[in-house]
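Working notes for the structure below.
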There are 6 protein chains.
Amino acid sequence: MADPIKQPVRYPELADPLAQPRYTGIPTFFRTPYTQDLSAVDIGIIGVPVDIGVTNRSGARHGPREVRNQSTLLRKINAATGVNPYARLSVRDLGDAWIEQPYTLEGALGEIEAFMRKVVDAGVTPLSVGGDHSMSLPILRAVAAAGSPRTSSRGAPAGPLGMVHIDAHCDTGDDYMGSRYHHGAPFRRAVEEGLLAPRRVIQIGIRGTVNDPDIWRFSRESGMRVVTMDELHDKGWRCAVEEARRVVAGGPLYLSFDIDALDPVYAPGTGTPEAGGIAMIEAQRMLRGLTGLDVVAADLVEVSPPFDHGGITAFNAASILFEMLCVLAAARVVA
Amino acid sequence: MADPIKQPVRYPELADPLAQPRYTGIPTFFRTPYTQDLSAVDIGIIGVPVDIGVTNRSGARHGPREVRNQSTLLRKINAATGVNPYARLSVRDLGDAWIEQPYTLEGALGEIEAFMRKVVDAGVTPLSVGGDHSMSLPILRAVAAAGSPRTSSRGAPAGPLGMVHIDAHCDTGDDYMGSRYHHGAPFRRAVEEGLLAPRRVIQIGIRGTVNDPDIWRFSRESGMRVVTMDELHDKGWRCAVEEARRVVAGGPLYLSFDIDALDPVYAPGTGTPEAGGIAMIEAQRMLRGLTGLDVVAADLVEVSPPFDHGGITAFNAASILFEMLCVLAAARVVA
Amino acid sequence: MADPIKQPVRYPELADPLAQPRYTGIPTFFRTPYTQDLSAVDIGIIGVPVDIGVTNRSGARHGPREVRNQSTLLRKINAATGVNPYARLSVRDLGDAWIEQPYTLEGALGEIEAFMRKVVDAGVTPLSVGGDHSMSLPILRAVAAAGSPRTSSRGAPAGPLGMVHIDAHCDTGDDYMGSRYHHGAPFRRAVEEGLLAPRRVIQIGIRGTVNDPDIWRFSRESGMRVVTMDELHDKGWRCAVEEARRVVAGGPLYLSFDIDALDPVYAPGTGTPEAGGIAMIEAQRMLRGLTGLDVVAADLVEVSPPFDHGGITAFNAASILFEMLCVLAAARVVA
Amino acid sequence: MADPIKQPVRYPELADPLAQPRYTGIPTFFRTPYTQDLSAVDIGIIGVPVDIGVTNRSGARHGPREVRNQSTLLRKINAATGVNPYARLSVRDLGDAWIEQPYTLEGALGEIEAFMRKVVDAGVTPLSVGGDHSMSLPILRAVAAAGSPRTSSRGAPAGPLGMVHIDAHCDTGDDYMGSRYHHGAPFRRAVEEGLLAPRRVIQIGIRGTVNDPDIWRFSRESGMRVVTMDELHDKGWRCAVEEARRVVAGGPLYLSFDIDALDPVYAPGTGTPEAGGIAMIEAQRMLRGLTGLDVVAADLVEVSPPFDHGGITAFNAASILFEMLCVLAAARVVA
Amino acid sequence: MADPIKQPVRYPELADPLAQPRYTGIPTFFRTPYTQDLSAVDIGIIGVPVDIGVTNRSGARHGPREVRNQSTLLRKINAATGVNPYARLSVRDLGDAWIEQPYTLEGALGEIEAFMRKVVDAGVTPLSVGGDHSMSLPILRAVAAAGSPRTSSRGAPAGPLGMVHIDAHCDTGDDYMGSRYHHGAPFRRAVEEGLLAPRRVIQIGIRGTVNDPDIWRFSRESGMRVVTMDELHDKGWRCAVEEARRVVAGGPLYLSFDIDALDPVYAPGTGTPEAGGIAMIEAQRMLRGLTGLDVVAADLVEVSPPFDHGGITAFNAASILFEMLCVLAAARVVA
Amino acid sequence: MADPIKQPVRYPELADPLAQPRYTGIPTFFRTPYTQDLSAVDIGIIGVPVDIGVTNRSGARHGPREVRNQSTLLRKINAATGVNPYARLSVRDLGDAWIEQPYTLEGALGEIEAFMRKVVDAGVTPLSVGGDHSMSLPILRAVAAAGSPRTSSRGAPAGPLGMVHIDAHCDTGDDYMGSRYHHGAPFRRAVEEGLLAPRRVIQIGIRGTVNDPDIWRFSRESGMRVVTMDELHDKGWRCAVEEARRVVAGGPLYLSFDIDALDPVYAPGTGTPEAGGIAMIEAQRMLRGLTGLDVVAADLVEVSPPFDHGGITAFNAASILFEMLCVLAAARVVA
């Protein structure tokens, strides 16, 4: 496998949107500089254009590009919190985790892991944009192996991570149609591999239909806290945040946001939509509520542009990504 | 008129989505077997491709096919309730109530009634997918004539039914532009014909604009309970459910869901949208709250695919239909 | 500059939708008669097809036509309030404020002001449909110069107005890329020109991102009441209405609704969307809550049809416009 | 039945697009003045929003409005021929032939005929925009009864007309599903009623599939000249024009253009598309080739906006309509 | 692997579109009966929902369902040729070649081959609808192994086939990113495996861009006749047909139509579009020109509905499929 | 005004699509390296996101980004000609000509000219992507001032250029609504300023409608050769190429391609579409026919993504741009 970080695009400095209209320029994530030099980067935003792990509708391979495109609509400062993630940190677009083995999922997952290991080993906090949810597994492998990029000594694995997982699905299923890896299984595999501490995992927004209740059973029996959509709808986003902070306390954590957690009107462009989901403002407020937690890495997955219309999914995804960036920035600044 | 049940498609057994990806196969409702043999069927899902009863934008004739298409995204078990409607009941796609007189509304309504009479007489609970709302009248005629398919002896009419009616419009209007039958009038006609007991009818989600307030007057003066959108927004879905259970108590009831009850962002593909409607999760939870009621038949109407985009209306309609199926399954199992 | 009111279309009487289906006829606003004779008009609805004041995506020049088109879906009477704005008032479509200088923003704003002065001087309450938000400034100039069309003697300026401003953005920014006028600055200019009394101004729905916090500072330091989206989400629409009524008390006021106040799922067709906004039913109820206030003029801005899909933005805009019309009608009848 | 011409919109003069941008104003056909006063009109463009005569997909009821909308993109002078149809003639938008009996096709056809009789009796050349093709029958009845509006004395029927008919379908079918009238039958009925002289009729662009070859048989056995799509593709548009001029020679003629004559890429928004049709430039050139013929009336039918995307069908339809207007103008000026 | 033909839908007889409107019913290919009983079938239309062989944009897995949906717009008799393929043959929808190994391309290809072998062994002529072009290889394996289903004795392989291949790409590439099988390589593999006789192969419509000219070299050096788009544009469809008939003479042949052969305006919904392609009418006429050839099997591939709009690709694909069905029917009747 | 070339993105080497799938990476034009270092560049592709020069529908400011996006679908070698423009030349994406004065057209044109002067002065051949057609004027100013970047000594103006101009409109109009500069006038201004030699200018594809025939008069009376669409349709692309080569002979020339030259089915995403235009394959072949001419600069204008659907316009534009790149490469290699 070739060197996973070999795209040589460079943006030496942050584009200044006050001087340059937002509809201009080559679209990187939030118009941040592209770099392959990891030494001066605090937070790296990374595209992961893989979707061969889906069980139904594909297209998430095109997610990173369209999220980049829509992210140019955003400005610097978060109106709700006043946070400017660029003010004290170096945020860079690291390009895509190139997929050189697009025909075998295990090969692709291996490449992603190798790419992420380099990023994490360089002390960069990775914020990944998918791509289907199977990609979370190799990222977790890389992050858990290295530990928190800020607080752990290199080489000493941090041990199992906690996780705030916002999604319509538990993604703790078992083998499906002959494959051990797919987008419905990453967190079962992660528990089995010791990458996640299930008692420090909360899953929020779970709903829809299943063919086999085993998926829910695994989440619950392993000790994960499952907040169904109905519970969230009953108790509100603030309760979910409190519950999340309680569950994940005590160590570093991963943050994974599957765009299908949102109601399909906010995110039609996704592979396995489930009716009756989270409203954008609830999602934004939940993410803001995670500020201060020791989030060491995060991903946003399952944006499938071919099923989108008018770019609404990619735009909402970019807005979610900005909130995640603010959470990571807060964690990074504190650290 | 030809035999209304003559399409001879057969699916001897339920497609197993664990063995067969959901994007494969010929799309029946929820990938259930098609049959014309009513003897072994508990719940029959029926397309009613008629839309000549509309007052403005047509297209609902294409509703059944697109709801079938989107329904293949759903799996077997309801995550919110744990119900698997296929577990103990035979659920079948009965095809469409063929429209052989597409140029006269009265002719079409006669055909639908004949088709539904066969279904109900065979002891099958009909779950109909429209099609415009004028179709509810012939279904009510068939159901009221036969009584509850489960509890009444055949031939002994059950008398007027109760009804939970979720809609943006009362649909209790009078003649319009020379026609006694149209999609804004079915329930006035049903009251006049003794098919509905208006004091056991609740209408939820009513809003928008009218040209003639007579339509509201009829609903209220006949004794129906009208829950406007503003009242629903103030009091919440749980109150609406309690009110519904109170109103319809005491006998069998019909369940009618007009997709325009939803806010147009959830259901742009409909003929007479009204801004400011019900959110999907509220609709789903209201329907779940009807579990245990003696619902003897149900319909989902006014899905107009030509005005849809990205299939969101048909997808939400399929999700509503699944909740209705679960309610019918619960009623059927108890009976 | 030519006479700004020279289009000679006439609709002598209100089209009667009970006699004429809503899909027929040439689309004026709500199918009201067009006129250029201002002498018999109470409320005039005016298109303002200008969009050269935008900072990012244009297209609002096409807003008036598509709002007219979708407004034909609405009927006469407001179901939530029972108000029929046509019952006691003469409501007319006054056509567009022709833009004869489309290549210079200042020229266009001058034309709009001249057009609006004629309207206001004739005692007509203007309800304007944009177009980008830079157009509010010349309308305010015309209205403030003339005073309330109903209560002030002509020629005696009414002095600064109050304002209820529903928007994702404060629009109180300063010069941008060399231009004093643009769609992010109208209300700073209006304060500076003495057209608005900032302590009688409330801004509701503010959110998103900014590049320069100066815009928020101006709003707050000038004395405006800023209700952010988070505050609105926390306290609800009823609180916002109470706060609005408190703030604007004591004089005539302007009502400005930027369609991007709505969540982008309700209004994708706009130039600068911000995720996580107001739901339609909340917007409708807030507007209904303004009934009885002395609103002397109003505008609805930033509908950009090229970014819309399925007409949902224009349809929701037409529904908002109808609520605004009812508020203006109530104010006018009382006066 | 009410007076068919009662909409009182007026545009006293032609909008001047050099003074007023094309994206402004209320959209009439080509931005011509609306009028109900037929005395000063040479050519009247008329919307016919009826679609209950279709056999498959409806939506053509929305055709007139969207063709009006897209027609505002056109300017005054035909670049190919130099013709300015407005230069010597009064061209007006006469509004829609209101449909007051939308639930029965025969009733609707009766209304259309009454409206057209008034138009023709006033000496106005009608250019009608549908609507489905069933509408051609009542127009032919009105025109044939009155004779050429220019050359015949009123009341003395002109006798059977010739026709240039550009379409994918012959539309000479017999009864369908119980209805004598539908959009596949108008010209069979017209021949039976003596309105058309079949030996002076040419049908161009015929293709696709049929269920019953009787429709082709009627066209050919009655004496019509059928130019199939394959023949047109082989011989070219110039031959078709020559053949048309030969066939229709000797008297006044009707011109009917079904938008489904175009290849579906040019006209996706239609009810019964047939793959492999006429390219726009061929259609334009064929129409230009009819200049000088004694065309006394014309229609453009089957534009179904709900099946359109991006307005391409309505835009191409408006462009075709402009060519038809030029042909009618040439005929009128000569007369 | 499970029995590949196990879906038990049945349509005992051809739906009669004169009795049943085309917008009704469960959509099988051309509304033909579904069956799993191969004994009475002449031509079987088969969906192959696989797309993991693509090199860029996926989505062709959804092709069979949407082609089925749009195919319901077609009627029985071919207007251009008078052929009614249902008149003397039993045409059936055999459902999909279920993909039980969706995560490995080789596994999927194995399944497809097994399914096709059963079909061919039963003497049924297979007309397959993809799905990406990698699927042609296993079909060729099955067909070549069995020989012509009509003329060869079972078990005696027919030897290499000829082929008419209409496509923008040669699809004779070598390994790509580590995979021997992908949608750009099936015909190189087929030549290598002795399934195709390259001197009896013609490729029509080749154009676009390549990264490695080796793909063209293989086609030409192996002896295939390559008709580039420019040559086709210069010489016309009739020449291409003559050339095709000359090249493939002397034995049975396969017919493969990649929808990206069409210009992207006719087929936007495909994975690797190439500008400047074949017009629909040219494609239709070329296919009609193959009538009488000994075509023993055929496929239509690369319809990717997520990239389609308004169904135009699937509609044109269904129209192409109908022409292919007529060619197969002619070959079958003669045999 | 700030330094017009200040974006510091770099791609040290051409992305290799055989190693990296085309759906990955940050989209530059054809995935070429971005650079601001002009010293090593032969051909520079430049975005010009300006659209305030339009007379009707805007949106072309978004053109460069979407053409970049779709251009990633293309590979290296031109199948029709075998040319690989990257083989012997350094082709780079130079980013956008930043617009720092977006509110005044003259200011924007000044910025573009300054940017282009730097490019041309560095000996780089500019290939510009718009943006509206008013941008051609400042590019012509820069190019004419510098002379041919390859053959002229710097500072010695080359004098008036020839031009091949493919467009639906002559764009030789005079002032419009008070503005001397707009997208319908660049070439009149260029003639007046001595930048173009009108007798060495050919305009191909002219058609549609005009309000004032003065625009045609100027083209013809100044000596330009105007090939109308009808002439092109009659004589074919080969004749147009011959005529073009004859007209422009004798000196360096500019190549300007307005995407609205194409028929609107190929390019719906443009501001002023004209029905009945050039087919893609004809446009491609005409451009290939210009190979060998001394083309010193070129532009592709009027791609308006908000009016596009499915990216077809941007995709066809990218394909046209690739042909233009090949023409420039051939001219450059020879020079």
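By order of appearance in the structure tokens: chains A, B, ..., then residues from 1 within every chain, and ligands from 1 in the order shown.
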
If you run DSSP over the backbone, which residues in range 239-312 of chain A end up strand (DSSP E)? Put them as an mmCIF file with N, CA and C atoms, in the first residue's frame.
data_model
loop_
_atom_site.group_PDB
_atom_site.id
_atom_site.type_symbol
_atom_site.label_atom_id
_atom_site.label_comp_id
_atom_site.auth_asym_id
_atom_site.auth_seq_id
_atom_site.Cartn_x
_atom_site.Cartn_y
_atom_site.Cartn_z
ATOM 1 N N LEU A 253 -12.905 10.120 24.956
ATOM 2 C CA LEU A 253 -14.038 9.529 24.241
ATOM 3 C C LEU A 253 -13.995 9.874 22.769
ATOM 4 N N TYR A 254 -14.738 9.083 22.033
ATOM 5 C CA TYR A 254 -14.915 9.258 20.599
ATOM 6 C C TYR A 254 -16.305 9.825 20.386
ATOM 7 N N LEU A 255 -16.456 10.610 19.340
ATOM 8 C CA LEU A 255 -17.762 11.178 19.007
ATOM 9 C C LEU A 255 -18.086 10.773 17.575
ATOM 10 N N SER A 256 -19.213 10.079 17.411
ATOM 11 C CA SER A 256 -19.588 9.614 16.079
ATOM 12 C C SER A 256 -21.002 10.074 15.770
ATOM 13 N N PHE A 257 -21.134 10.810 14.676
ATOM 14 C CA PHE A 257 -22.450 11.331 14.280
ATOM 15 C C PHE A 257 -22.809 10.770 12.914
ATOM 16 N N ASP A 258 -23.840 9.926 12.908
ATOM 17 C CA ASP A 258 -24.363 9.402 11.643
ATOM 18 C C ASP A 258 -25.467 10.342 11.195
ATOM 19 N N VAL A 295 -13.020 14.834 24.153
ATOM 20 C CA VAL A 295 -13.249 14.155 22.880
ATOM 21 C C VAL A 295 -11.936 14.148 22.100
ATOM 22 N N VAL A 296 -11.425 12.967 21.809
ATOM 23 C CA VAL A 296 -10.111 12.874 21.184
ATOM 24 C C VAL A 296 -10.164 12.645 19.678
ATOM 25 N N ALA A 297 -11.344 12.334 19.171
ATOM 26 C CA ALA A 297 -11.488 12.138 17.729
ATOM 27 C C ALA A 297 -12.978 12.065 17.435
ATOM 28 N N ALA A 298 -13.337 12.334 16.204
ATOM 29 C CA ALA A 298 -14.763 12.354 15.875
ATOM 30 C C ALA A 298 -14.954 12.035 14.402
ATOM 31 N N ASP A 299 -16.155 11.562 14.085
ATOM 32 C CA ASP A 299 -16.488 11.382 12.669
ATOM 33 C C ASP A 299 -17.937 11.747 12.396
ATOM 34 N N LEU A 300 -18.172 12.097 11.142
ATOM 35 C CA LEU A 300 -19.505 12.391 10.620
ATOM 36 C C LEU A 300 -19.664 11.504 9.400
ATOM 37 N N VAL A 301 -20.684 10.659 9.406
ATOM 38 C CA VAL A 301 -20.753 9.633 8.358
ATOM 39 C C VAL A 301 -22.106 9.561 7.659
#

Discussion item. Show me, as an NGL selection string, every residue of chain B with an atom at most 8 Å from chain D, counting only C-alpha atoms.
Written reply: :B and (52-53 or 57-59 or 100-105 or 177-179 or 306-307)

Discussion item. Please report the interatomic distance between CA of Leu232 in chain A and CA of Ile204 in chain A in Å with one decimal.
Written reply: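 Value for the CA of Leu232 in chain A-CA of Ile204 in chain A distance: 7.6 Å.
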
Worksheet entry | Within 8 Å of Gly277 in chain A using only C-alpha atoms, minus same-chain residues under 4 positions, as a list of chain:residue names | A:Ala168, A:Gly205, A:Arg207, A:Met229, A:Asp260, A:Ala261, A:Leu262, A:Asp263, A:Pro264, B:Ile281

Those residues you just picked out, can you put them in a file as an mmCIF file, in the first residue's frame with N, CA and C atoms?
data_model
loop_
_atom_site.group_PDB
_atom_site.id
_atom_site.type_symbol
_atom_site.label_atom_id
_atom_site.label_comp_id
_atom_site.auth_asym_id
_atom_site.auth_seq_id
_atom_site.Cartn_x
_atom_site.Cartn_y
_atom_site.Cartn_z
ATOM 1 N N ALA A 168 -29.468 6.812 14.022
ATOM 2 C CA ALA A 168 -30.751 6.108 14.055
ATOM 3 C C ALA A 168 -30.596 4.628 14.371
ATOM 4 N N GLY A 205 -30.836 8.476 19.667
ATOM 5 C CA GLY A 205 -31.628 8.676 18.458
ATOM 6 C C GLY A 205 -32.082 7.395 17.791
ATOM 7 N N ARG A 207 -33.898 4.262 16.412
ATOM 8 C CA ARG A 207 -35.311 4.123 16.025
ATOM 9 C C ARG A 207 -35.398 3.261 14.769
ATOM 10 N N MET A 229 -35.241 7.201 20.141
ATOM 11 C CA MET A 229 -35.830 8.455 19.665
ATOM 12 C C MET A 229 -37.035 8.831 20.517
ATOM 13 N N ASP A 260 -27.884 10.013 9.499
ATOM 14 C CA ASP A 260 -29.255 9.496 9.507
ATOM 15 C C ASP A 260 -29.887 9.583 10.891
ATOM 16 N N ALA A 261 -29.156 10.063 11.878
ATOM 17 C CA ALA A 261 -29.780 10.390 13.159
ATOM 18 C C ALA A 261 -30.818 11.492 12.982
ATOM 19 N N LEU A 262 -30.527 12.390 12.052
ATOM 20 C CA LEU A 262 -31.475 13.475 11.760
ATOM 21 C C LEU A 262 -32.728 12.918 11.096
ATOM 22 N N ASP A 263 -33.819 13.604 11.278
ATOM 23 C CA ASP A 263 -35.018 13.261 10.529
ATOM 24 C C ASP A 263 -34.709 13.352 9.037
ATOM 25 N N PRO A 264 -35.292 12.461 8.242
ATOM 26 C CA PRO A 264 -34.988 12.485 6.806
ATOM 27 C C PRO A 264 -35.297 13.812 6.110
ATOM 28 N N ILE B 281 -42.486 12.504 13.752
ATOM 29 C CA ILE B 281 -42.398 11.771 15.015
ATOM 30 C C ILE B 281 -43.682 11.914 15.812
#

Fill in: DSSP helix (DSSP H, G or I) residues within range 194-307 of chain E, as JSON, numbers by chain
{"E": [214, 215, 216, 217, 218, 219, 220, 221, 229, 230, 231, 232, 233, 234, 235, 237, 238, 239, 240, 241, 242, 243, 244, 245, 246, 247, 248, 259, 260, 261, 280, 281, 282, 283, 284, 285, 286, 287, 288, 305, 306, 307]}

Worksheet item: Could you work out how far CA of Ala329 in chain F lies from CA of Arg75 in chain F, giving the answer in Å with one decimal?
Response: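 Interatomic distance, CA of Arg75 in chain F to CA of Ala329 in chain F: 15.7 Å.
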
Discussion item. Can you tell me which residues surround range 158-166 of chain D at a distance of at most 9 Å, considering only C-alpha atoms, apart from same-chain residues fewer than 6 positions away, and format the answer as a PyMOL selection string?
Written reply: chain D and resi 140+143-148+152+191+194-206+244-245+247-262+283+295

Item to complete: Determine, counting only C-alpha atoms, which protein, DNA and RNA residues have an atom within 8 Å of an atom of Met135 in chain E; residues of the same chain fewer than 3 positions away are not included. Present the result as a list in words.
Response: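 Contacts, with the query itself left out: Val48, Val50, Leu109, Ile112, Gly130, Gly131, Asp132, Pro138, Ile139, His183 and Pro186 of chain E.
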
Keeping only all heavy atoms, take the residues you just selected and write them out as a PDB file, in the first residue's frame.
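File part_22.pdb, as written:
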ATOM      1  N   VAL E  48     -30.591  -7.689 -12.503  1.00  0.00           N
ATOM      2  CA  VAL E  48     -29.307  -8.053 -11.907  1.00  0.00           C
ATOM      3  C   VAL E  48     -28.796  -6.859 -11.093  1.00  0.00           C
ATOM      4  O   VAL E  48     -28.002  -6.052 -11.553  1.00  0.00           O
ATOM      5  CB  VAL E  48     -28.284  -8.443 -12.985  1.00  0.00           C
ATOM      6  CG1 VAL E  48     -26.992  -8.932 -12.318  1.00  0.00           C
ATOM      7  CG2 VAL E  48     -28.827  -9.530 -13.904  1.00  0.00           C
ATOM      8  N   VAL E  50     -26.583  -5.481  -9.175  1.00  0.00           N
ATOM      9  CA  VAL E  50     -25.226  -5.487  -8.634  1.00  0.00           C
ATOM     10  C   VAL E  50     -24.490  -4.252  -9.160  1.00  0.00           C
ATOM     11  O   VAL E  50     -24.640  -3.880 -10.320  1.00  0.00           O
ATOM     12  CB  VAL E  50     -24.475  -6.765  -9.048  1.00  0.00           C
ATOM     13  CG1 VAL E  50     -24.270  -6.838 -10.547  1.00  0.00           C
ATOM     14  CG2 VAL E  50     -23.132  -6.864  -8.346  1.00  0.00           C
ATOM     15  N   LEU E 109     -20.629 -12.421  -8.935  1.00  0.00           N
ATOM     16  CA  LEU E 109     -20.582 -12.909 -10.319  1.00  0.00           C
ATOM     17  C   LEU E 109     -20.870 -14.406 -10.375  1.00  0.00           C
ATOM     18  O   LEU E 109     -21.534 -14.892 -11.310  1.00  0.00           O
ATOM     19  CB  LEU E 109     -19.224 -12.582 -10.946  1.00  0.00           C
ATOM     20  CG  LEU E 109     -18.854 -11.088 -11.019  1.00  0.00           C
ATOM     21  CD1 LEU E 109     -17.537 -10.891 -11.774  1.00  0.00           C
ATOM     22  CD2 LEU E 109     -19.953 -10.250 -11.637  1.00  0.00           C
ATOM     23  N   ILE E 112     -24.622 -14.867 -10.156  1.00  0.00           N
ATOM     24  CA  ILE E 112     -25.280 -14.502 -11.417  1.00  0.00           C
ATOM     25  C   ILE E 112     -25.109 -15.618 -12.434  1.00  0.00           C
ATOM     26  O   ILE E 112     -26.060 -16.023 -13.117  1.00  0.00           O
ATOM     27  CB  ILE E 112     -24.703 -13.175 -11.957  1.00  0.00           C
ATOM     28  CG1 ILE E 112     -25.022 -12.032 -10.992  1.00  0.00           C
ATOM     29  CG2 ILE E 112     -25.254 -12.858 -13.341  1.00  0.00           C
ATOM     30  CD1 ILE E 112     -24.203 -10.771 -11.220  1.00  0.00           C
ATOM     31  N   GLY E 130     -29.233  -4.554 -15.833  1.00  0.00           N
ATOM     32  CA  GLY E 130     -28.312  -4.308 -14.729  1.00  0.00           C
ATOM     33  C   GLY E 130     -28.612  -3.070 -13.979  1.00  0.00           C
ATOM     34  O   GLY E 130     -29.649  -2.457 -14.149  1.00  0.00           O
ATOM     35  N   GLY E 131     -27.701  -2.796 -13.026  1.00  0.00           N
ATOM     36  CA  GLY E 131     -26.535  -3.554 -12.766  1.00  0.00           C
ATOM     37  C   GLY E 131     -25.379  -3.009 -13.596  1.00  0.00           C
ATOM     38  O   GLY E 131     -25.550  -2.421 -14.647  1.00  0.00           O
ATOM     39  N   ASP E 132     -24.152  -3.170 -13.037  1.00  0.00           N
ATOM     40  CA  ASP E 132     -22.997  -2.660 -13.770  1.00  0.00           C
ATOM     41  C   ASP E 132     -22.489  -3.688 -14.784  1.00  0.00           C
ATOM     42  O   ASP E 132     -22.878  -4.859 -14.752  1.00  0.00           O
ATOM     43  CB  ASP E 132     -21.914  -2.160 -12.807  1.00  0.00           C
ATOM     44  CG  ASP E 132     -21.089  -3.253 -12.172  1.00  0.00           C
ATOM     45  OD1 ASP E 132     -20.402  -4.002 -12.893  1.00  0.00           O
ATOM     46  OD2 ASP E 132     -21.091  -3.339 -10.924  1.00  0.00           O
ATOM     47  N   PRO E 138     -20.360 -13.160 -16.308  1.00  0.00           N
ATOM     48  CA  PRO E 138     -21.003 -14.427 -15.917  1.00  0.00           C
ATOM     49  C   PRO E 138     -22.161 -14.819 -16.826  1.00  0.00           C
ATOM     50  O   PRO E 138     -22.423 -16.021 -16.988  1.00  0.00           O
ATOM     51  CB  PRO E 138     -21.483 -14.152 -14.485  1.00  0.00           C
ATOM     52  CG  PRO E 138     -21.500 -12.663 -14.344  1.00  0.00           C
ATOM     53  CD  PRO E 138     -20.409 -12.154 -15.236  1.00  0.00           C
ATOM     54  N   ILE E 139     -22.836 -13.848 -17.405  1.00  0.00           N
ATOM     55  CA  ILE E 139     -23.906 -14.230 -18.340  1.00  0.00           C
ATOM     56  C   ILE E 139     -23.293 -14.900 -19.564  1.00  0.00           C
ATOM     57  O   ILE E 139     -23.772 -15.948 -20.026  1.00  0.00           O
ATOM     58  CB  ILE E 139     -24.743 -12.998 -18.750  1.00  0.00           C
ATOM     59  CG1 ILE E 139     -25.356 -12.327 -17.512  1.00  0.00           C
ATOM     60  CG2 ILE E 139     -25.844 -13.411 -19.727  1.00  0.00           C
ATOM     61  CD1 ILE E 139     -26.089 -11.026 -17.804  1.00  0.00           C
ATOM     62  N   HIS E 183     -16.236  -3.173 -13.957  1.00  0.00           N
ATOM     63  CA  HIS E 183     -17.131  -2.896 -15.093  1.00  0.00           C
ATOM     64  C   HIS E 183     -16.400  -2.387 -16.331  1.00  0.00           C
ATOM     65  O   HIS E 183     -17.041  -2.152 -17.368  1.00  0.00           O
ATOM     66  CB  HIS E 183     -18.286  -1.980 -14.698  1.00  0.00           C
ATOM     67  CG  HIS E 183     -17.921  -0.540 -14.502  1.00  0.00           C
ATOM     68  ND1 HIS E 183     -18.865   0.460 -14.579  1.00  0.00           N
ATOM     69  CD2 HIS E 183     -16.744   0.060 -14.178  1.00  0.00           C
ATOM     70  CE1 HIS E 183     -18.271   1.629 -14.347  1.00  0.00           C
ATOM     71  NE2 HIS E 183     -17.014   1.412 -14.091  1.00  0.00           N
ATOM     72  N   PRO E 186     -15.077  -6.581 -18.541  1.00  0.00           N
ATOM     73  CA  PRO E 186     -15.716  -7.889 -18.780  1.00  0.00           C
ATOM     74  C   PRO E 186     -15.350  -8.534 -20.111  1.00  0.00           C
ATOM     75  O   PRO E 186     -15.234  -9.767 -20.187  1.00  0.00           O
ATOM     76  CB  PRO E 186     -17.217  -7.561 -18.725  1.00  0.00           C
ATOM     77  CG  PRO E 186     -17.296  -6.099 -19.040  1.00  0.00           C
ATOM     78  CD  PRO E 186     -16.058  -5.522 -18.411  1.00  0.00           C
TER      79      PRO E 186
END
